[in-house]
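Below is work_8.cif, which holds mmCIF, C-alpha atoms.
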data_model
loop_
_atom_site.label_atom_id
_atom_site.label_comp_id
_atom_site.auth_asym_id
_atom_site.auth_seq_id
_atom_site.Cartn_x
_atom_site.Cartn_y
_atom_site.Cartn_z
CA MET A 11 7.55 -41.87 -68.91
CA VAL A 12 7.21 -38.19 -69.84
CA ASP A 13 10.27 -36.63 -71.50
CA VAL A 14 11.57 -33.56 -69.68
CA PRO A 15 12.95 -30.81 -71.97
CA LEU A 16 16.67 -30.15 -71.58
CA SER A 17 15.97 -26.53 -70.60
CA MET A 18 13.89 -27.73 -67.65
CA LYS A 19 16.55 -30.17 -66.48
CA ALA A 20 18.69 -27.12 -65.68
CA ILE A 21 16.12 -25.96 -63.12
CA THR A 22 17.16 -27.60 -59.85
CA LEU A 23 16.57 -26.70 -56.23
CA ASP A 24 20.30 -26.01 -55.80
CA LEU A 25 20.30 -23.64 -58.78
CA LEU A 26 17.29 -21.74 -57.42
CA ARG A 27 18.80 -21.52 -53.93
CA ASP A 28 22.05 -20.22 -55.39
CA ALA A 29 20.13 -17.58 -57.33
CA ARG A 30 18.22 -16.68 -54.19
CA GLU A 31 21.49 -15.96 -52.38
CA THR A 32 22.69 -13.89 -55.36
CA VAL A 33 19.49 -11.84 -55.21
CA ARG A 34 19.63 -11.49 -51.42
CA THR A 35 23.18 -10.12 -51.49
CA SER A 36 22.86 -8.11 -54.71
CA PRO A 37 24.31 -4.59 -54.66
CA LEU A 38 21.05 -3.53 -56.32
CA GLY A 39 19.39 -3.74 -52.89
CA VAL A 40 16.58 -6.19 -53.52
CA ILE A 41 14.06 -6.13 -50.66
CA ASN A 42 12.56 -9.08 -48.81
CA THR A 43 9.12 -7.52 -49.09
CA PRO A 44 6.46 -7.82 -46.38
CA MET A 45 3.84 -10.58 -46.50
CA ILE A 46 0.87 -9.59 -44.39
CA PRO A 47 -2.36 -11.32 -43.35
CA TRP A 48 -5.42 -10.09 -45.22
CA CYS A 49 -7.10 -9.53 -41.83
CA GLN A 50 -4.60 -6.74 -41.10
CA THR A 51 -5.98 -4.74 -44.03
CA THR A 52 -9.39 -3.16 -44.69
CA LEU A 53 -9.84 -5.23 -47.87
CA PRO A 54 -13.22 -6.96 -48.22
CA LEU A 55 -13.25 -10.75 -48.09
CA ASN A 56 -16.31 -12.88 -48.79
CA ILE A 57 -14.64 -16.28 -48.42
CA PRO A 58 -13.55 -17.62 -45.00
CA CYS A 59 -9.90 -18.46 -45.56
CA ASN A 60 -6.44 -17.48 -44.33
CA ILE A 61 -5.07 -15.16 -47.03
CA HIS A 62 -1.65 -13.50 -46.95
CA ILE A 63 -0.61 -10.76 -49.37
CA LYS A 64 2.97 -10.50 -50.63
CA LEU A 65 3.69 -6.80 -51.21
CA GLU A 66 6.02 -6.70 -54.21
CA ASN A 67 4.56 -3.29 -55.00
CA MET A 68 6.97 -2.13 -52.27
CA GLN A 69 9.98 -3.68 -54.03
CA ARG A 70 12.93 -1.58 -55.22
CA THR A 71 12.09 -0.07 -58.64
CA GLY A 72 8.44 -0.76 -57.81
CA SER A 73 8.05 -4.37 -58.92
CA PHE A 74 9.32 -7.95 -58.65
CA LYS A 75 11.36 -7.50 -61.84
CA ILE A 76 14.48 -6.40 -59.96
CA ARG A 77 14.84 -9.95 -58.60
CA GLY A 78 15.41 -11.52 -62.00
CA VAL A 79 17.49 -8.57 -63.19
CA ALA A 80 19.78 -8.87 -60.16
CA ASN A 81 20.53 -12.49 -61.04
CA GLN A 82 20.91 -11.76 -64.76
CA PHE A 83 23.40 -8.93 -64.32
CA ALA A 84 25.39 -10.87 -61.70
CA ARG A 85 26.02 -13.54 -64.33
CA ARG A 86 26.84 -11.28 -67.29
CA PRO A 87 30.09 -9.41 -68.09
CA LYS A 88 30.20 -5.95 -66.57
CA GLY A 89 30.27 -3.04 -68.98
CA ALA A 90 28.56 -4.92 -71.83
CA HIS A 91 26.02 -3.33 -74.18
CA PHE A 92 22.62 -4.88 -73.52
CA VAL A 93 19.26 -4.62 -75.28
CA THR A 94 15.88 -5.77 -74.03
CA MET A 95 12.16 -5.36 -74.69
CA SER A 96 9.71 -4.18 -72.05
CA ALA A 97 6.45 -2.32 -71.51
CA GLY A 98 7.93 -0.64 -68.46
CA ASN A 99 8.67 -2.57 -65.26
CA TYR A 100 11.43 -4.83 -66.54
CA GLY A 101 12.84 -1.87 -68.47
CA LYS A 102 12.94 0.21 -65.28
CA SER A 103 14.83 -2.48 -63.36
CA PHE A 104 17.09 -3.14 -66.36
CA ALA A 105 17.91 0.57 -66.63
CA TYR A 106 18.53 0.82 -62.87
CA ALA A 107 20.93 -2.13 -63.02
CA SER A 108 22.65 -0.82 -66.16
CA LYS A 109 23.38 2.46 -64.42
CA HIS A 110 24.70 0.69 -61.31
CA TYR A 111 26.99 -1.66 -63.27
CA GLY A 112 28.12 0.95 -65.80
CA SER A 113 26.63 -0.94 -68.74
CA LYS A 114 25.13 0.58 -71.85
CA GLY A 115 21.49 -0.33 -72.32
CA LYS A 116 18.65 -0.01 -74.78
CA VAL A 117 14.99 -0.80 -74.11
CA VAL A 118 12.67 -1.55 -77.02
CA MET A 119 9.16 -0.65 -75.89
CA PRO A 120 5.71 -1.18 -77.42
CA GLU A 121 4.07 2.01 -78.68
CA THR A 122 1.21 1.34 -76.28
CA ALA A 123 3.48 1.76 -73.24
CA LEU A 124 3.00 4.95 -71.26
CA VAL A 125 5.33 7.76 -72.28
CA SER A 126 6.04 8.37 -68.59
CA ARG A 127 7.59 4.89 -68.40
CA SER A 128 9.84 5.67 -71.35
CA THR A 129 10.95 8.91 -69.73
CA LEU A 130 11.75 7.16 -66.45
CA ILE A 131 13.93 4.60 -68.23
CA GLN A 132 15.72 7.33 -70.17
CA ASN A 133 16.40 9.18 -66.92
CA PHE A 134 18.45 6.16 -65.78
CA GLY A 135 20.62 6.64 -68.89
CA CYS A 136 19.15 3.97 -71.19
CA GLU A 137 18.15 4.51 -74.79
CA VAL A 138 14.49 3.83 -75.63
CA GLU A 139 12.97 2.88 -78.98
CA ARG A 140 9.16 2.66 -79.23
CA VAL A 141 7.74 0.32 -81.89
CA PRO A 142 4.51 -1.62 -82.63
CA THR A 143 4.14 -4.67 -80.38
CA THR A 144 4.42 -7.04 -83.33
CA CYS A 145 7.83 -5.55 -84.23
CA LEU A 146 9.49 -5.84 -80.81
CA MET A 147 11.60 -8.93 -81.54
CA ASN A 148 12.51 -7.71 -85.04
CA VAL A 149 14.02 -4.55 -83.58
CA VAL A 150 15.81 -6.50 -80.84
CA ASN A 151 17.27 -8.85 -83.46
CA ARG A 152 18.44 -5.88 -85.50
CA CYS A 153 20.24 -4.45 -82.46
CA VAL A 154 21.94 -7.79 -81.83
CA GLN A 155 22.99 -8.34 -85.45
CA GLU A 156 23.85 -4.80 -86.56
CA GLU A 157 25.02 -3.18 -83.32
CA ASN A 158 26.53 -6.24 -81.59
CA MET A 159 24.33 -5.86 -78.50
CA THR A 160 23.62 -8.70 -76.07
CA PHE A 161 19.94 -9.53 -75.62
CA LEU A 162 18.59 -9.89 -72.08
CA HIS A 163 15.12 -11.42 -72.26
CA SER A 164 12.52 -9.90 -69.97
CA TYR A 165 10.79 -13.20 -69.18
CA ASP A 166 12.17 -16.17 -71.17
CA ASP A 167 15.58 -16.55 -69.52
CA LEU A 168 16.91 -19.14 -67.06
CA ASP A 169 18.83 -16.66 -64.88
CA LEU A 170 15.84 -14.31 -64.76
CA ILE A 171 13.40 -17.06 -63.76
CA ALA A 172 15.82 -18.34 -61.12
CA GLY A 173 16.04 -14.81 -59.70
CA HIS A 174 12.26 -14.53 -59.55
CA ALA A 175 12.18 -17.84 -57.66
CA SER A 176 13.58 -15.93 -54.65
CA LEU A 177 10.05 -14.60 -54.14
CA GLY A 178 8.75 -18.15 -53.80
CA PHE A 179 11.30 -18.95 -51.10
CA GLU A 180 10.31 -15.81 -49.19
CA VAL A 181 6.67 -16.92 -49.29
CA LEU A 182 7.65 -20.25 -47.70
CA GLU A 183 9.54 -18.47 -44.90
CA VAL A 184 6.23 -16.97 -43.73
CA MET A 185 3.87 -19.76 -44.77
CA PRO A 186 5.83 -23.04 -45.03
CA GLN A 187 2.92 -25.09 -46.44
CA PRO A 188 0.55 -22.87 -48.47
CA ASP A 189 -2.50 -24.58 -49.93
CA VAL A 190 -2.88 -22.08 -52.78
CA VAL A 191 -0.59 -19.44 -54.33
CA VAL A 192 -1.97 -16.95 -56.86
CA VAL A 193 0.43 -15.14 -59.21
CA CYS A 194 -0.05 -12.80 -62.17
CA CYS A 195 1.20 -14.04 -65.54
CA GLY A 196 2.44 -12.13 -68.57
CA GLY A 197 5.27 -13.88 -70.37
CA GLY A 198 5.36 -16.27 -67.44
CA GLY A 199 8.76 -15.60 -65.84
CA LEU A 200 7.47 -14.75 -62.36
CA LEU A 201 4.86 -17.51 -62.32
CA ALA A 202 7.41 -20.09 -63.50
CA GLY A 203 10.03 -19.05 -60.94
CA VAL A 204 7.66 -18.94 -57.98
CA ALA A 205 6.02 -22.24 -58.95
CA ALA A 206 9.35 -24.01 -59.42
CA ALA A 207 10.69 -22.77 -56.08
CA ILE A 208 7.61 -23.83 -54.14
CA LYS A 209 7.23 -27.23 -55.79
CA LEU A 210 10.95 -28.13 -55.72
CA ALA A 211 11.11 -27.08 -52.06
CA GLY A 212 8.75 -29.94 -51.30
CA CYS A 213 5.29 -28.35 -51.36
CA GLU A 214 3.91 -30.90 -53.79
CA LYS A 215 0.28 -30.41 -52.71
CA THR A 216 0.31 -26.62 -53.12
CA ARG A 217 -1.95 -25.46 -55.94
CA ILE A 218 -0.42 -22.60 -57.93
CA TYR A 219 -2.59 -20.49 -60.21
CA GLY A 220 -1.55 -17.99 -62.85
CA VAL A 221 -3.79 -15.03 -63.69
CA GLU A 222 -3.94 -13.31 -67.08
CA PRO A 223 -6.14 -10.58 -68.60
CA GLU A 224 -8.77 -11.85 -71.02
CA GLY A 225 -7.28 -9.72 -73.79
CA ALA A 226 -3.71 -10.89 -73.21
CA CYS A 227 -4.00 -14.59 -72.44
CA THR A 228 -0.95 -16.05 -74.17
CA MET A 229 -0.18 -18.61 -71.45
CA TYR A 230 -3.85 -19.63 -71.16
CA LYS A 231 -3.97 -20.29 -74.91
CA SER A 232 -0.56 -21.97 -74.79
CA PHE A 233 -1.97 -24.44 -72.25
CA ILE A 234 -4.82 -25.21 -74.67
CA GLU A 235 -2.55 -25.53 -77.72
CA LYS A 236 0.09 -27.42 -75.70
CA LYS A 237 2.87 -25.16 -76.99
CA PRO A 238 3.90 -21.53 -76.40
CA ILE A 239 1.97 -19.21 -78.69
CA GLY A 240 1.68 -15.51 -79.45
CA MET A 241 -1.26 -13.17 -79.93
CA ASP A 242 -2.07 -9.53 -80.48
CA SER A 243 -2.36 -8.78 -76.78
CA LYS A 244 -4.38 -5.81 -75.55
CA SER A 245 -5.09 -4.99 -71.91
CA ILE A 246 -5.07 -2.16 -69.42
CA ALA A 247 -2.49 -4.35 -67.66
CA SER A 248 0.24 -3.63 -70.22
CA GLY A 249 2.85 -5.51 -68.18
CA LEU A 250 0.81 -8.69 -68.66
CA ALA A 251 0.45 -8.25 -72.42
CA PRO A 252 3.57 -9.67 -74.09
CA PRO A 253 3.54 -10.67 -77.77
CA PHE A 254 4.07 -14.35 -76.89
CA ALA A 255 4.43 -16.73 -73.96
CA GLY A 256 7.99 -17.66 -73.05
CA THR A 257 9.20 -21.14 -73.99
CA LEU A 258 10.92 -21.97 -70.68
CA PRO A 259 8.15 -20.36 -68.60
CA TYR A 260 5.60 -22.39 -70.54
CA GLU A 261 7.48 -25.64 -69.86
CA LEU A 262 7.76 -24.87 -66.15
CA CYS A 263 4.16 -23.73 -65.85
CA GLN A 264 2.96 -26.89 -67.59
CA ARG A 265 4.81 -28.91 -64.96
CA TYR A 266 4.14 -26.93 -61.79
CA VAL A 267 1.04 -24.72 -62.31
CA GLU A 268 -2.46 -25.99 -61.63
CA GLU A 269 -4.33 -23.70 -64.01
CA ILE A 270 -4.32 -20.31 -65.73
CA VAL A 271 -7.43 -18.24 -64.95
CA LEU A 272 -8.63 -15.08 -66.68
CA VAL A 273 -9.89 -11.72 -65.43
CA SER A 274 -11.39 -8.86 -67.40
CA ASP A 275 -9.96 -5.36 -67.68
CA GLU A 276 -12.99 -4.06 -65.74
CA GLU A 277 -12.21 -6.49 -62.92
CA ILE A 278 -8.58 -5.37 -62.92
CA LYS A 279 -9.67 -1.71 -62.77
CA ALA A 280 -11.95 -2.46 -59.83
CA ALA A 281 -9.11 -4.31 -58.10
CA VAL A 282 -6.78 -1.31 -58.45
CA SER A 283 -9.45 0.94 -56.91
CA THR A 284 -10.23 -1.48 -54.06
CA LEU A 285 -6.56 -1.85 -53.19
CA TYR A 286 -6.04 1.93 -53.35
CA ARG A 287 -8.94 2.54 -50.93
CA ALA A 288 -7.21 0.10 -48.56
CA GLY A 289 -3.99 2.14 -48.75
CA LEU A 290 -2.18 -0.11 -51.24
CA LEU A 291 -0.85 1.47 -54.41
CA VAL A 292 -0.83 -1.31 -56.99
CA GLU A 293 -0.69 -1.02 -60.78
CA PRO A 294 -3.12 -2.91 -63.05
CA SER A 295 -0.60 -5.67 -63.86
CA GLY A 296 0.16 -6.10 -60.17
CA SER A 297 -3.54 -6.32 -59.27
CA ALA A 298 -4.49 -9.30 -61.45
CA ALA A 299 -4.00 -11.96 -58.75
CA PHE A 300 -6.11 -9.94 -56.32
CA ALA A 301 -8.78 -9.52 -59.01
CA ALA A 302 -8.92 -13.30 -59.39
CA ILE A 303 -9.55 -13.76 -55.66
CA ALA A 304 -12.07 -10.91 -55.51
CA ASN A 305 -14.07 -12.39 -58.41
CA ASP A 306 -14.05 -16.02 -57.25
CA ARG A 307 -11.82 -17.32 -60.05
CA ILE A 308 -9.79 -19.56 -57.75
CA PRO A 309 -11.61 -22.77 -56.77
CA ASP A 310 -11.79 -24.42 -53.36
CA ILE A 311 -10.11 -21.81 -51.15
CA ALA A 312 -12.57 -21.80 -48.25
CA GLY A 313 -10.63 -22.66 -45.09
CA ARG A 314 -7.33 -22.78 -47.01
CA ASN A 315 -3.99 -21.04 -46.50
CA VAL A 316 -3.73 -18.76 -49.54
CA VAL A 317 -0.99 -16.40 -50.78
CA VAL A 318 -1.75 -13.59 -53.24
CA ILE A 319 1.15 -11.73 -54.84
CA LEU A 320 0.74 -8.02 -55.60
CA SER A 321 3.53 -7.86 -58.14
CA GLY A 322 4.05 -4.15 -58.78
CA GLY A 323 3.12 -0.61 -57.83
CA ASN A 324 4.34 1.50 -60.75
CA ILE A 325 1.30 3.67 -61.34
CA GLY A 326 1.30 7.45 -61.52
CA LYS A 327 -1.27 9.81 -59.98
CA ASP A 328 -2.35 10.82 -63.50
CA GLU A 329 -3.18 7.17 -64.27
CA LEU A 330 -5.28 6.79 -61.13
CA THR A 331 -7.87 9.19 -62.53
CA ASN A 332 -8.84 6.46 -65.02
CA PHE A 333 -10.05 4.13 -62.27
CA PRO A 334 -13.44 4.14 -60.50
CA ASP A 335 -13.72 5.53 -56.98
#
Could you show the structure in this file as structure tokens?
Amino acid sequence: MVDVPLSMKAITLDLLRDARETVRTSPLGVINTPMIPWCQTTLPLNIPCNIHIKLENMQRTGSFKIRGVANQFARRPKGAHFVTMSAGNYGKSFAYASKHYGSKGKVVMPETALVSRSTLIQNFGCEVERVPTTCLMNVVNRCVQEENMTFLHSYDDLDLIAGHASLGFEVLEVMPQPDVVVVCCGGGGLLAGVAAAIKLAGCEKTRIYGVEPEGACTMYKSFIEKKPIGMDSKSIASGLAPPFAGTLPYELCQRYVEEIVLVSDEEIKAAVSTLYRAGLLVEPSGSAAFAAIANDRIPDIAGRNVVVILSGGNIGKDELTNFPD
């Protein structure tokens, strides 16, 4: 009999459904985003299968991150002083929630993050500190120890993962028995939440795949090493390039995820351009799952019911000039 870590025992269907209701009724205004058939778009498709696209690029604050943030803030004391680390999307949702709840907030960002993301977070009233990626946790720890801040993790947190699971339940409302679900993976919070929701809801035969950039494949390497590991992550998809894989996400992904597949930065760039030509504004991190489908990384999908999650759309017009026509 395989031992189940105590942290995973806390993940139950009732807990995820409770979080889903918290997210649905959140004063932050989380959206039940559209899920549309691929055939209703002008996107090319070389494999005969029934693909649906979940448009989290249309979510409030521009990405799925607001789901987890809504559940985190609902279960924390109002008016507290929080600190987090983020390359942009979680920080944006965190700052938005901090402003709504009247909390003080600080976002520690990697130096590689776009300055425009830092400015956006500051405009919501949060302090920003930019540091080398390898120093992110050191700075967070300093804020906790010296300034008495409360750390909200951007991907390795039970409340956050449970909030992200709401996306999985929404998928099942449209497609009750998907054969395959494809989700981007950075630290693993979204992948873990979606996978747990779908599997615990009874879809035991559904194959769930995570997609990472080749240069930021912490979860892929964690699967090989059989423990969560870190690496010096580098990718155009900065939101999928955390310094390490989350411990709880790793445990959940090990249990519920079929496989982690990799895509190159060039494939991600091409995916952004293809989606844009089809009228869908999706950032590099949000395009990884689509890139995996477009480049035949997901096995045995012919004739299957497939869901692809476009996880975010926070990309500026200045950034789009870096992508091929």
- prompt: Quick one: residues within 12 Å of Val184 (chain A), all atoms listed in the file counted, chain neighbours fewer than 5 positions away excluded, as a PyMOL selection string?
  reply: chain A and resi 42-47+61-64+177-179+315-317
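The spacing separating CA of Asn99 (chain A) from CA of Arg30 (chain A) amounts to 20.3 Å.
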task: Just give me the gap between CA of Ile270 (chain A) and CA of Val221 (chain A) in Å, one decimal is fine.
output: 5.7 Å
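Minimum distance to Thr257 (chain A) across A:Ile278, A:Ile41, A:Ile239, A:Ala97 (counting all atoms listed in the file) occurs at A:Ile239.
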message: Just checking: using only C-alpha atoms, which residue out of A:Ala255, A:Ala301, A:Leu182, A:Val292 ends up closest to Pro223 (chain A)?
response: A:Ala301
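For Val267 (chain A), the non-local neighbours within 6 Å, defined as residues at least 3 positions apart in the same chain or in other chains and counting all atoms listed in the file, are A:Ile218, A:Tyr219, A:Cys263.
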- request: Can you pull out every residue within 6 Å of region 151-162 of chain A, counting only C-alpha atoms, but drop anything in the same chain fewer than 6 positions away, and send it as a count of residues only?
  value: 4
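Across the chains present, the PyMOL selection byres ((chain A and resi 327) around 12) applied to this file returns Ser126, Tyr286, Leu291, Val292, Glu293, Gly323, Asn324, Ile325, Gly326, Asp328, Glu329, Leu330, Thr331, Asn332 and Phe333 of chain A.
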Hey, can you spit out that residue selection with C-alpha atoms as a CSV table (one decimal), in the coordinates of the input?
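Ended up saving to part_36.csv:
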chain,number,residue,atom,x,y,z
A,126,SER,CA,6.0,8.4,-68.6
A,286,TYR,CA,-6.0,1.9,-53.4
A,291,LEU,CA,-0.8,1.5,-54.4
A,292,VAL,CA,-0.8,-1.3,-57.0
A,293,GLU,CA,-0.7,-1.0,-60.8
A,323,GLY,CA,3.1,-0.6,-57.8
A,324,ASN,CA,4.3,1.5,-60.8
A,325,ILE,CA,1.3,3.7,-61.3
A,326,GLY,CA,1.3,7.4,-61.5
A,328,ASP,CA,-2.4,10.8,-63.5
A,329,GLU,CA,-3.2,7.2,-64.3
A,330,LEU,CA,-5.3,6.8,-61.1
A,331,THR,CA,-7.9,9.2,-62.5
A,332,ASN,CA,-8.8,6.5,-65.0
A,333,PHE,CA,-10.0,4.1,-62.3
message: Show me, as a ChimeraX atom specification, the residues that have an atom within 8 Å of Met68 (chain A) when counting all atoms listed in the file, minus same-chain residues fewer than 2 positions from it.
response: /A:43,65-66,70,72-73,322-323
